[in-house]
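Printed here is start.cif (mmCIF, C-alpha atoms):
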data_my_file
loop_
_atom_site.group_PDB
_atom_site.id
_atom_site.type_symbol
_atom_site.label_atom_id
_atom_site.label_comp_id
_atom_site.auth_asym_id
_atom_site.auth_seq_id
_atom_site.Cartn_x
_atom_site.Cartn_y
_atom_site.Cartn_z
ATOM 1 C CA MET F 1 0.000 0.000 0.000
ATOM 2 C CA HIS F 2 1.503 3.411 -1.000
ATOM 3 C CA ALA F 3 2.092 6.162 1.602
ATOM 4 C CA ASN F 4 -0.222 9.159 1.380
ATOM 5 C CA ARG F 5 1.763 11.961 -0.299
ATOM 6 C CA HIS F 6 -0.557 14.590 1.202
ATOM 7 C CA ALA F 7 -0.359 13.444 4.778
ATOM 8 C CA VAL F 8 -0.760 16.086 7.485
ATOM 9 C CA PRO F 9 2.681 17.268 8.886
ATOM 10 C CA THR F 10 3.625 15.753 12.203
ATOM 11 C CA ARG F 11 3.699 17.797 15.422
ATOM 12 C CA THR F 12 7.526 17.830 15.337
ATOM 13 C CA SER F 13 7.562 19.252 11.800
ATOM 14 C CA ARG F 14 5.173 22.058 12.727
ATOM 15 C CA ARG F 15 7.342 22.957 15.716
ATOM 16 C CA THR F 16 10.451 23.130 13.544
ATOM 17 C CA VAL F 17 8.735 25.470 11.092
ATOM 18 C CA THR F 18 7.654 27.753 13.939
ATOM 19 C CA ILE F 19 11.184 27.992 15.331
ATOM 20 C CA ILE F 20 12.639 28.796 11.908
ATOM 21 C CA ALA F 21 10.071 31.565 11.378
ATOM 22 C CA ALA F 22 10.865 33.115 14.765
ATOM 23 C CA VAL F 23 14.620 33.159 14.061
ATOM 24 C CA CYS F 24 14.040 34.836 10.701
ATOM 25 C CA ALA F 25 11.917 37.530 12.354
ATOM 26 C CA VAL F 26 14.653 38.298 14.899
ATOM 27 C CA ILE F 27 17.315 38.563 12.171
ATOM 28 C CA ALA F 28 15.130 40.887 10.106
ATOM 29 C CA ALA F 29 14.504 43.171 13.100
ATOM 30 C CA ALA F 30 18.254 43.370 13.816
ATOM 31 C CA VAL F 31 19.046 44.325 10.222
ATOM 32 C CA ILE F 32 16.428 47.110 10.288
ATOM 33 C CA ALA F 33 17.831 48.498 13.559
ATOM 34 C CA ILE F 34 21.400 48.531 12.227
ATOM 35 C CA ARG F 35 20.361 50.328 9.046
ATOM 36 C CA ALA F 36 18.381 52.937 10.997
ATOM 37 C CA GLY F 37 21.349 53.628 13.285
ATOM 38 C CA SER F 38 23.725 54.027 10.342
ATOM 39 C CA GLU F 39 21.413 56.450 8.566
ATOM 40 C CA GLU F 40 20.956 58.558 11.694
ATOM 41 C CA ALA F 41 24.723 58.769 12.319
ATOM 42 C CA SER F 42 25.519 59.766 8.736
ATOM 43 C CA ALA F 43 22.727 62.331 8.559
ATOM 44 C CA SER F 44 24.285 64.783 11.049
ATOM 45 C CA PRO F 45 28.000 64.157 11.700
ATOM 46 C CA THR F 46 28.672 67.746 12.812
ATOM 47 C CA VAL F 47 26.008 67.763 15.471
ATOM 48 C CA ALA F 48 27.077 64.325 16.638
ATOM 49 C CA GLY F 49 30.650 65.505 17.020
ATOM 50 C CA GLN F 50 29.646 68.593 18.962
ATOM 51 C CA ALA F 51 27.395 66.583 21.230
ATOM 52 C CA GLN F 52 30.279 64.240 21.970
ATOM 53 C CA HIS F 53 32.491 67.223 22.882
ATOM 54 C CA THR F 54 29.942 68.739 25.244
ATOM 55 C CA GLY F 55 28.334 65.515 26.360
ATOM 56 C CA GLY F 56 24.880 66.659 25.285
ATOM 57 C CA HIS F 57 22.879 69.030 23.112
ATOM 58 C CA VAL F 58 24.512 71.885 21.237
ATOM 59 C CA ALA F 59 23.553 75.416 22.208
ATOM 60 C CA GLY F 60 23.040 78.287 19.815
ATOM 61 C CA GLY F 61 20.449 80.584 18.336
ATOM 62 C CA GLY F 62 19.084 83.629 20.106
ATOM 63 C CA ALA F 63 20.132 85.032 23.449
ATOM 64 C CA GLY F 64 19.023 82.982 26.389
ATOM 65 C CA GLN F 65 18.196 79.870 24.363
ATOM 66 C CA ALA F 66 18.235 76.857 26.647
ATOM 67 C CA ALA F 67 20.454 73.862 25.968
ATOM 68 C CA THR F 68 21.964 71.084 28.007
ATOM 69 C CA GLY F 69 25.328 69.363 28.116
ATOM 70 C CA ARG F 70 26.743 66.390 29.986
ATOM 71 C CA ASN F 71 24.688 65.317 32.994
ATOM 72 C CA GLY F 72 22.197 68.077 32.268
ATOM 73 C CA ALA F 73 24.822 70.866 32.318
ATOM 74 C CA ASP F 74 23.324 74.254 31.452
ATOM 75 C CA LEU F 75 24.632 75.724 28.176
ATOM 76 C CA THR F 76 22.179 78.630 27.957
ATOM 77 C CA VAL F 77 23.850 81.604 26.250
ATOM 78 C CA THR F 78 23.000 85.127 27.407
ATOM 79 C CA ASP F 79 24.010 88.489 25.944
ATOM 80 C CA VAL F 80 26.518 88.869 28.787
ATOM 81 C CA ASP F 81 28.076 85.503 27.868
ATOM 82 C CA ARG F 82 28.341 86.568 24.232
ATOM 83 C CA GLU F 83 29.955 89.888 25.156
ATOM 84 C CA PHE F 84 32.423 88.091 27.420
ATOM 85 C CA LEU F 85 33.561 85.755 24.625
ATOM 86 C CA ALA F 86 33.918 88.722 22.255
ATOM 87 C CA LYS F 87 36.066 90.642 24.759
ATOM 88 C CA VAL F 88 38.338 87.670 25.425
ATOM 89 C CA ARG F 89 38.789 87.177 21.695
ATOM 90 C CA GLN F 90 39.589 90.851 21.079
ATOM 91 C CA ALA F 91 42.023 90.947 23.993
ATOM 92 C CA GLY F 92 44.090 88.211 22.380
ATOM 93 C CA LEU F 93 43.966 89.888 18.979
ATOM 94 C CA TRP F 94 45.970 92.884 20.226
ATOM 95 C CA GLU F 95 47.819 91.599 23.296
ATOM 96 C CA ILE F 96 49.572 88.767 21.440
ATOM 97 C CA PRO F 97 51.060 91.276 18.923
ATOM 98 C CA ALA F 98 51.942 93.551 21.850
ATOM 99 C CA GLY F 99 53.773 90.686 23.543
ATOM 100 C CA ARG F 100 55.739 90.023 20.375
ATOM 101 C CA LEU F 101 56.709 93.686 20.127
ATOM 102 C CA ALA F 102 58.124 93.481 23.645
ATOM 103 C CA GLN F 103 60.695 90.977 22.392
ATOM 104 C CA THR F 104 62.106 93.450 19.837
ATOM 105 C CA HIS F 105 61.304 96.921 21.227
ATOM 106 C CA ALA F 106 61.794 96.612 24.995
ATOM 107 C CA SER F 107 65.006 97.416 26.876
ATOM 108 C CA SER F 108 63.915 95.771 30.137
ATOM 109 C CA GLU F 109 64.158 92.019 30.649
ATOM 110 C CA ALA F 110 61.147 92.227 32.967
ATOM 111 C CA VAL F 111 59.095 93.748 30.139
ATOM 112 C CA LYS F 112 60.237 91.045 27.739
ATOM 113 C CA ARG F 113 59.237 88.435 30.317
ATOM 114 C CA ALA F 114 55.822 90.040 30.623
ATOM 115 C CA GLY F 115 55.544 89.919 26.843
ATOM 116 C CA ASP F 116 56.279 86.186 26.896
ATOM 117 C CA HIS F 117 53.476 85.659 29.410
ATOM 118 C CA LEU F 118 51.061 87.610 27.212
ATOM 119 C CA ILE F 119 51.887 85.533 24.140
ATOM 120 C CA ASP F 120 51.556 82.228 25.963
ATOM 121 C CA GLY F 121 48.459 83.048 28.002
ATOM 122 C CA HIS F 122 46.417 84.690 25.269
ATOM 123 C CA SER F 123 47.344 82.056 22.690
ATOM 124 C CA LYS F 124 45.765 79.428 24.937
ATOM 125 C CA LEU F 125 42.745 81.605 25.705
ATOM 126 C CA ASP F 126 42.255 82.365 22.027
ATOM 127 C CA GLN F 127 42.117 78.670 21.193
ATOM 128 C CA LEU F 128 39.637 78.110 24.005
ATOM 129 C CA VAL F 129 37.406 81.020 23.022
ATOM 130 C CA ARG F 130 37.226 79.834 19.413
ATOM 131 C CA GLU F 131 36.297 76.312 20.522
ATOM 132 C CA ASP F 132 33.629 77.493 22.968
ATOM 133 C CA ALA F 133 32.177 79.982 20.497
ATOM 134 C CA GLU F 134 31.759 77.212 17.923
ATOM 135 C CA ILE F 135 30.130 74.874 20.423
ATOM 136 C CA LEU F 136 27.738 77.554 21.668
ATOM 137 C CA GLY F 137 26.978 79.010 18.234
ATOM 138 C CA VAL F 138 28.331 82.456 19.158
ATOM 139 C CA GLU F 139 29.902 84.752 16.559
ATOM 140 C CA ILE F 140 33.179 86.319 17.693
ATOM 141 C CA PRO F 141 35.145 89.193 16.097
ATOM 142 C CA ASP F 142 38.113 88.687 13.804
ATOM 143 C CA GLU F 143 39.867 91.937 14.723
ATOM 144 C CA ALA F 144 40.601 94.043 17.784
ATOM 145 C CA THR F 145 38.713 97.263 18.471
ATOM 146 C CA GLU F 146 39.959 100.464 16.874
ATOM 147 C CA GLU F 147 41.236 101.645 20.266
ATOM 148 C CA GLN F 148 43.171 98.414 20.771
ATOM 149 C CA GLN F 149 44.649 98.640 17.283
ATOM 150 C CA GLN F 150 45.779 102.175 18.094
ATOM 151 C CA TRP F 151 47.539 100.913 21.236
ATOM 152 C CA VAL F 152 49.482 98.455 19.082
ATOM 153 C CA ARG F 153 50.432 101.241 16.653
ATOM 154 C CA ASN F 154 51.644 103.386 19.573
ATOM 155 C CA LEU F 155 53.793 100.496 20.805
ATOM 156 C CA GLU F 156 55.197 99.949 17.313
ATOM 157 C CA ASN F 157 56.362 103.573 17.278
ATOM 158 C CA ALA F 158 58.112 103.366 20.662
ATOM 159 C CA GLN F 159 61.538 101.971 21.555
ATOM 160 C CA GLY F 160 63.591 101.246 24.645
ATOM 161 C CA GLU F 161 62.546 102.863 27.915
ATOM 162 C CA GLU F 162 59.677 104.702 26.231
ATOM 163 C CA PHE F 163 58.287 101.397 25.027
ATOM 164 C CA ASP F 164 58.773 99.767 28.445
ATOM 165 C CA LYS F 165 56.770 102.473 30.230
ATOM 166 C CA LEU F 166 53.982 102.560 27.658
ATOM 167 C CA PHE F 167 53.745 98.769 27.497
ATOM 168 C CA ALA F 168 53.550 98.280 31.268
ATOM 169 C CA ASN F 169 50.875 100.902 31.801
ATOM 170 C CA VAL F 170 48.555 100.369 28.846
ATOM 171 C CA LEU F 171 48.596 96.592 29.341
ATOM 172 C CA ARG F 172 48.096 96.827 33.114
ATOM 173 C CA ALA F 173 45.139 99.165 32.656
ATOM 174 C CA SER F 174 43.531 96.873 30.075
ATOM 175 C CA HIS F 175 43.993 93.752 32.205
ATOM 176 C CA GLY F 176 42.656 95.448 35.314
ATOM 177 C CA LYS F 177 39.440 96.417 33.580
ATOM 178 C CA ILE F 178 38.725 93.018 32.043
ATOM 179 C CA PHE F 179 39.678 91.306 35.323
ATOM 180 C CA ALA F 180 36.675 92.945 36.958
ATOM 181 C CA THR F 181 34.440 91.877 34.064
ATOM 182 C CA ILE F 182 35.590 88.267 34.370
ATOM 183 C CA GLY F 183 34.623 88.229 38.041
ATOM 184 C CA GLU F 184 31.118 89.475 37.284
ATOM 185 C CA VAL F 185 30.609 86.917 34.521
ATOM 186 C CA ARG F 186 31.902 84.029 36.631
ATOM 187 C CA ALA F 187 29.667 84.999 39.539
ATOM 188 C CA ALA F 188 26.440 85.230 37.533
ATOM 189 C CA THR F 189 26.547 83.019 34.423
ATOM 190 C CA GLN F 190 24.519 79.795 34.345
ATOM 191 C CA ASN F 191 26.487 78.456 31.389
ATOM 192 C CA ASP F 192 28.895 75.690 32.385
ATOM 193 C CA LEU F 193 31.282 76.327 29.467
ATOM 194 C CA ILE F 194 31.399 80.057 30.237
ATOM 195 C CA ARG F 195 32.172 79.307 33.883
ATOM 196 C CA ARG F 196 35.080 77.092 32.830
ATOM 197 C CA HIS F 197 36.252 79.779 30.419
ATOM 198 C CA ALA F 198 35.994 82.530 33.025
ATOM 199 C CA ARG F 199 38.055 80.474 35.460
ATOM 200 C CA GLN F 200 40.840 80.062 32.894
ATOM 201 C CA ALA F 201 40.656 83.728 31.898
ATOM 202 C CA ASN F 202 40.799 84.775 35.556
ATOM 203 C CA GLN F 203 44.003 82.802 36.143
ATOM 204 C CA THR F 204 45.593 84.111 32.946
ATOM 205 C CA VAL F 205 44.755 87.774 33.516
ATOM 206 C CA LEU F 206 45.878 87.612 37.161
ATOM 207 C CA ASP F 207 49.240 86.222 36.024
ATOM 208 C CA HIS F 208 49.587 88.994 33.463
ATOM 209 C CA MET F 209 48.778 91.744 35.966
ATOM 210 C CA GLU F 210 51.426 90.375 38.316
ATOM 211 C CA VAL F 211 54.216 90.177 35.720
ATOM 212 C CA LEU F 212 53.352 93.681 34.515
ATOM 213 C CA GLU F 213 53.513 94.991 38.076
ATOM 214 C CA ASP F 214 56.833 93.185 38.529
ATOM 215 C CA THR F 215 58.348 95.500 35.910
ATOM 216 C CA GLY F 216 58.162 98.310 38.485
ATOM 217 C CA LEU F 217 56.919 100.643 35.768
ATOM 218 C CA VAL F 218 53.169 100.809 36.457
ATOM 219 C CA ASP F 219 52.155 104.328 37.534
ATOM 220 C CA ALA F 220 49.748 105.172 40.333
ATOM 221 C CA SER F 221 47.608 106.956 37.737
ATOM 222 C CA THR F 222 47.062 103.607 35.959
ATOM 223 C CA PHE F 223 45.621 102.036 39.112
ATOM 224 C CA GLN F 224 43.444 105.116 39.563
ATOM 225 C CA GLU F 225 42.170 104.802 35.995
ATOM 226 C CA VAL F 226 41.189 101.180 36.575
ATOM 227 C CA GLU F 227 39.532 101.999 39.890
ATOM 228 C CA GLU F 228 37.383 104.684 38.280
ATOM 229 C CA ASP F 229 36.430 102.358 35.442
ATOM 230 C CA VAL F 230 35.366 99.375 37.572
ATOM 231 C CA ALA F 231 33.747 101.320 40.442
ATOM 232 C CA PRO F 232 29.977 100.706 40.748
ATOM 233 C CA LYS F 233 28.067 103.308 38.798
#
Starting from the file, give its structure as structure tokens.
Amino acid sequence: MHANRHAVPTRTSRRTVTIIAAVCAVIAAAVIAIRAGSEEASASPTVAGQAQHTGGHVAGGGAGQAATGRNGADLTVTDVDREFLAKVRQAGLWEIPAGRLAQTHASSEAVKRAGDHLIDGHSKLDQLVREDAEILGVEIPDEATEEQQQWVRNLENAQGEEFDKLFANVLRASHGKIFATIGEVRAATQNDLIRRHARQANQTVLDHMEVLEDTGLVDASTFQEVEEDVAPK
């Protein structure tokens, strides 16, 4: 008697088919997930890189726009934060050239040493300010103010003891004024990156004030000028 070609599948056969179908479904789901992840990563590499640097969302846009960084860090950018970054940037744009001039125009070794500190400190701050400005979406200037550019021109036209005196006083006055601004920003800002930046700027500017004072050339009138500028209005 011939076996029935159309016999109903056994229980074992049906179980095997079910297992195979389940495995196929799992593999298909994994493939879809991998493709989706790849597409998302390739769609916005810039944002992904910035988020990795800050540990969270990238800030930007209008003043006061809220954003978060690593562990919920606040990256909100205010007008005061923007002004602070601009001032730090502009300080480096004229004080680095001034420091270089000290190496060729100064007669005092103490002034040359102060120039070295300016070059080193503001080079590091300038790198930091450019990085933070990019992360926070803040536009920063590409040139010093007209007044600052004039200070550099005045230093270019001076030599020897005349240069030493001018350098020590104009730089000490400038650092004293921005030192007060840094303190105000650090005390009030809610932005974690700005706080870090203000801390670094505070240390750098304090060092520069001290090496400028060490020249023994800073006049009492310079301290008076700073006092009048930073006194509460």
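A cut-off of 7 Å from the point (57.2, 92.6, 26.8), with only C-alpha atoms, picks out the residues Gly99, Leu101, Ala102, Gln103, Ala106, Val111, Lys112, Arg113, Ala114, Gly115 and Asp116 of chain F.
Atom pair CA of Val80 (chain F) / CA of Ala133 (chain F): separated by 13.4 Å.
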Inset, instruction - Might you pull out every residue within 8 Å of region 227-231 of chain F, with all atoms listed in the file counted and same-chain residues fewer than 3 positions away left off, and present them as JSON, numbers by chain? - result: {"F": [177, 180, 223, 224]}
Inset, instruction - For CA of Leu206 (chain F) and CA of Gly160 (chain F), quote the distance in Å rounded to one decimal. - result: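 Separation of CA of Leu206 (chain F) and CA of Gly160 (chain F): 25.6 Å.
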Just need the box for region 104-119 of chain F, edges along x, y and z, holding every atom the file lists for it with 5 Å tacked onto each side, so centre and edge lengths in Å to one decimal, as lines of an AutoDock Vina configuration file.
center_x = 58.0
center_y = 91.5
center_z = 26.4
size_x = 23.9
size_y = 21.9
size_z = 23.1
Inset, instruction - Determine, counting all atoms listed in the file, which protein, DNA and RNA residues have an atom within 7 Å of an atom of region 141-151 of chain F; residues of the same chain fewer than 3 positions away are not included. Present the result as number ranges by chain. - result: F: 86, 89-90, 93-94, 154-155
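Here CA of Gly183 (chain F) stands at a distance of 12.8 Å from CA of Thr204 (chain F).
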Inset, instruction - Find the residue from F:Leu171, F:Ala91, F:Ala158, F:Leu125 that sits nearest to Glu210 (chain F); use all atoms listed in the file when measuring. - result: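 For Glu210 (chain F), the nearest of the given residues is F:Leu171.
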Legend entry - Selection as a PyMOL selection string: residues within 12 Å of (43.4, 77.8, 23.4), counting all atoms listed in the file: chain F and resi 88-89+92+119-133+197+200-201+204
So that I can check the surroundings of Val218 (chain F), please list as a PDB file with C-alpha atoms, keeping the file's coordinate frame every protein, DNA and RNA residue that reaches within 8 Å of it, counting only C-alpha atoms and ignoring chain neighbours fewer than 3 positions away.
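The result, written out as around-v7.pdb:
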ATOM      1  CA  LYS F 165      56.770 102.473  30.230  1.00  0.00           C
ATOM      2  CA  ALA F 168      53.550  98.280  31.268  1.00  0.00           C
ATOM      3  CA  ASN F 169      50.875 100.902  31.801  1.00  0.00           C
ATOM      4  CA  ARG F 172      48.096  96.827  33.114  1.00  0.00           C
ATOM      5  CA  LEU F 212      53.352  93.681  34.515  1.00  0.00           C
ATOM      6  CA  GLU F 213      53.513  94.991  38.076  1.00  0.00           C
ATOM      7  CA  THR F 215      58.348  95.500  35.910  1.00  0.00           C
ATOM      8  CA  THR F 222      47.062 103.607  35.959  1.00  0.00           C
TER       9      THR F 222
END
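Across F:Met209, F:Arg100, F:Ile182, F:Leu118, the tightest approach to Arg196 (chain F) is made by F:Ile182 when counting all atoms listed in the file.
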Legend entry - Among the residues F:Gln203, F:Gln159, F:Thr189, F:Ser174, the one that comes closest to Ser108 (chain F) [using all atoms listed in the file]: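 Going through F:Gln203, F:Gln159, F:Thr189, F:Ser174 one by one, the smallest distance to Ser108 (chain F) is for F:Gln159.
When only C-alpha atoms are used to measure the gap to Val185 (chain F), the shortest distance among F:Leu85, F:Val226, F:Val138, F:Leu75 belongs to F:Leu85.
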Is it possible to add N, CA and C atoms to region 98-127 of chain F and hand it back as a PDB file, in the coordinates of the input?
ATOM      1  N   ALA F  98      51.227  92.695  20.905  1.00  0.00           N
ATOM      2  CA  ALA F  98      51.942  93.551  21.850  1.00  0.00           C
ATOM      3  C   ALA F  98      53.052  92.767  22.546  1.00  0.00           C
ATOM      4  N   GLY F  99      52.762  91.529  22.914  1.00  0.00           N
ATOM      5  CA  GLY F  99      53.773  90.686  23.543  1.00  0.00           C
ATOM      6  C   GLY F  99      54.948  90.414  22.623  1.00  0.00           C
ATOM      7  N   ARG F 100      54.652  90.248  21.349  1.00  0.00           N
ATOM      8  CA  ARG F 100      55.739  90.023  20.375  1.00  0.00           C
ATOM      9  C   ARG F 100      56.592  91.280  20.211  1.00  0.00           C
ATOM     10  N   LEU F 101      55.964  92.436  20.241  1.00  0.00           N
ATOM     11  CA  LEU F 101      56.709  93.686  20.127  1.00  0.00           C
ATOM     12  C   LEU F 101      57.670  93.857  21.300  1.00  0.00           C
ATOM     13  N   ALA F 102      57.265  93.356  22.470  1.00  0.00           N
ATOM     14  CA  ALA F 102      58.124  93.481  23.645  1.00  0.00           C
ATOM     15  C   ALA F 102      59.455  92.766  23.434  1.00  0.00           C
ATOM     16  N   GLN F 103      59.464  91.732  22.625  1.00  0.00           N
ATOM     17  CA  GLN F 103      60.695  90.977  22.392  1.00  0.00           C
ATOM     18  C   GLN F 103      61.690  91.755  21.534  1.00  0.00           C
ATOM     19  N   THR F 104      61.223  92.710  20.755  1.00  0.00           N
ATOM     20  CA  THR F 104      62.106  93.450  19.837  1.00  0.00           C
ATOM     21  C   THR F 104      62.259  94.929  20.209  1.00  0.00           C
ATOM     22  N   HIS F 105      61.294  95.493  20.946  1.00  0.00           N
ATOM     23  CA  HIS F 105      61.304  96.921  21.227  1.00  0.00           C
ATOM     24  C   HIS F 105      61.685  97.262  22.665  1.00  0.00           C
ATOM     25  N   ALA F 106      61.576  96.318  23.580  1.00  0.00           N
ATOM     26  CA  ALA F 106      61.794  96.612  24.995  1.00  0.00           C
ATOM     27  C   ALA F 106      63.288  96.622  25.336  1.00  0.00           C
ATOM     28  N   SER F 107      63.632  97.405  26.359  1.00  0.00           N
ATOM     29  CA  SER F 107      65.006  97.416  26.876  1.00  0.00           C
ATOM     30  C   SER F 107      65.095  96.660  28.197  1.00  0.00           C
ATOM     31  N   SER F 108      63.962  96.432  28.835  1.00  0.00           N
ATOM     32  CA  SER F 108      63.915  95.771  30.137  1.00  0.00           C
ATOM     33  C   SER F 108      63.629  94.280  29.983  1.00  0.00           C
ATOM     34  N   GLU F 109      64.394  93.456  30.677  1.00  0.00           N
ATOM     35  CA  GLU F 109      64.158  92.019  30.649  1.00  0.00           C
ATOM     36  C   GLU F 109      62.827  91.675  31.313  1.00  0.00           C
ATOM     37  N   ALA F 110      62.431  92.458  32.303  1.00  0.00           N
ATOM     38  CA  ALA F 110      61.147  92.227  32.967  1.00  0.00           C
ATOM     39  C   ALA F 110      59.985  92.474  32.007  1.00  0.00           C
ATOM     40  N   VAL F 111      60.134  93.468  31.135  1.00  0.00           N
ATOM     41  CA  VAL F 111      59.095  93.748  30.139  1.00  0.00           C
ATOM     42  C   VAL F 111      59.056  92.642  29.103  1.00  0.00           C
ATOM     43  N   LYS F 112      60.206  92.159  28.686  1.00  0.00           N
ATOM     44  CA  LYS F 112      60.237  91.045  27.739  1.00  0.00           C
ATOM     45  C   LYS F 112      59.593  89.799  28.344  1.00  0.00           C
ATOM     46  N   ARG F 113      59.852  89.571  29.628  1.00  0.00           N
ATOM     47  CA  ARG F 113      59.237  88.435  30.317  1.00  0.00           C
ATOM     48  C   ARG F 113      57.725  88.591  30.355  1.00  0.00           C
ATOM     49  N   ALA F 114      57.261  89.795  30.630  1.00  0.00           N
ATOM     50  CA  ALA F 114      55.822  90.040  30.623  1.00  0.00           C
ATOM     51  C   ALA F 114      55.246  89.787  29.232  1.00  0.00           C
ATOM     52  N   GLY F 115      55.989  90.172  28.211  1.00  0.00           N
ATOM     53  CA  GLY F 115      55.544  89.919  26.843  1.00  0.00           C
ATOM     54  C   GLY F 115      55.406  88.443  26.555  1.00  0.00           C
ATOM     55  N   ASP F 116      56.355  87.647  27.062  1.00  0.00           N
ATOM     56  CA  ASP F 116      56.279  86.186  26.896  1.00  0.00           C
ATOM     57  C   ASP F 116      55.005  85.630  27.534  1.00  0.00           C
ATOM     58  N   HIS F 117      54.681  86.124  28.716  1.00  0.00           N
ATOM     59  CA  HIS F 117      53.476  85.659  29.410  1.00  0.00           C
ATOM     60  C   HIS F 117      52.219  86.017  28.619  1.00  0.00           C
ATOM     61  N   LEU F 118      52.221  87.201  28.015  1.00  0.00           N
ATOM     62  CA  LEU F 118      51.061  87.610  27.212  1.00  0.00           C
ATOM     63  C   LEU F 118      50.881  86.688  26.010  1.00  0.00           C
ATOM     64  N   ILE F 119      51.964  86.400  25.322  1.00  0.00           N
ATOM     65  CA  ILE F 119      51.887  85.533  24.140  1.00  0.00           C
ATOM     66  C   ILE F 119      51.367  84.158  24.513  1.00  0.00           C
ATOM     67  N   ASP F 120      51.941  83.576  25.547  1.00  0.00           N
ATOM     68  CA  ASP F 120      51.556  82.228  25.963  1.00  0.00           C
ATOM     69  C   ASP F 120      50.115  82.180  26.485  1.00  0.00           C
ATOM     70  N   GLY F 121      49.790  83.074  27.385  1.00  0.00           N
ATOM     71  CA  GLY F 121      48.459  83.048  28.002  1.00  0.00           C
ATOM     72  C   GLY F 121      47.340  83.316  27.024  1.00  0.00           C
ATOM     73  N   HIS F 122      47.497  84.336  26.193  1.00  0.00           N
ATOM     74  CA  HIS F 122      46.417  84.690  25.269  1.00  0.00           C
ATOM     75  C   HIS F 122      46.334  83.744  24.076  1.00  0.00           C
ATOM     76  N   SER F 123      47.427  83.077  23.744  1.00  0.00           N
ATOM     77  CA  SER F 123      47.344  82.056  22.690  1.00  0.00           C
ATOM     78  C   SER F 123      46.453  80.911  23.142  1.00  0.00           C
ATOM     79  N   LYS F 124      46.598  80.508  24.390  1.00  0.00           N
ATOM     80  CA  LYS F 124      45.765  79.428  24.937  1.00  0.00           C
ATOM     81  C   LYS F 124      44.313  79.879  25.081  1.00  0.00           C
ATOM     82  N   LEU F 125      44.109  81.093  25.568  1.00  0.00           N
ATOM     83  CA  LEU F 125      42.745  81.605  25.705  1.00  0.00           C
ATOM     84  C   LEU F 125      42.071  81.766  24.350  1.00  0.00           C
ATOM     85  N   ASP F 126      42.839  82.168  23.352  1.00  0.00           N
ATOM     86  CA  ASP F 126      42.255  82.365  22.027  1.00  0.00           C
ATOM     87  C   ASP F 126      41.782  81.039  21.442  1.00  0.00           C
ATOM     88  N   GLN F 127      42.550  79.990  21.654  1.00  0.00           N
ATOM     89  CA  GLN F 127      42.117  78.670  21.193  1.00  0.00           C
ATOM     90  C   GLN F 127      40.837  78.243  21.913  1.00  0.00           C
TER      91      GLN F 127
END
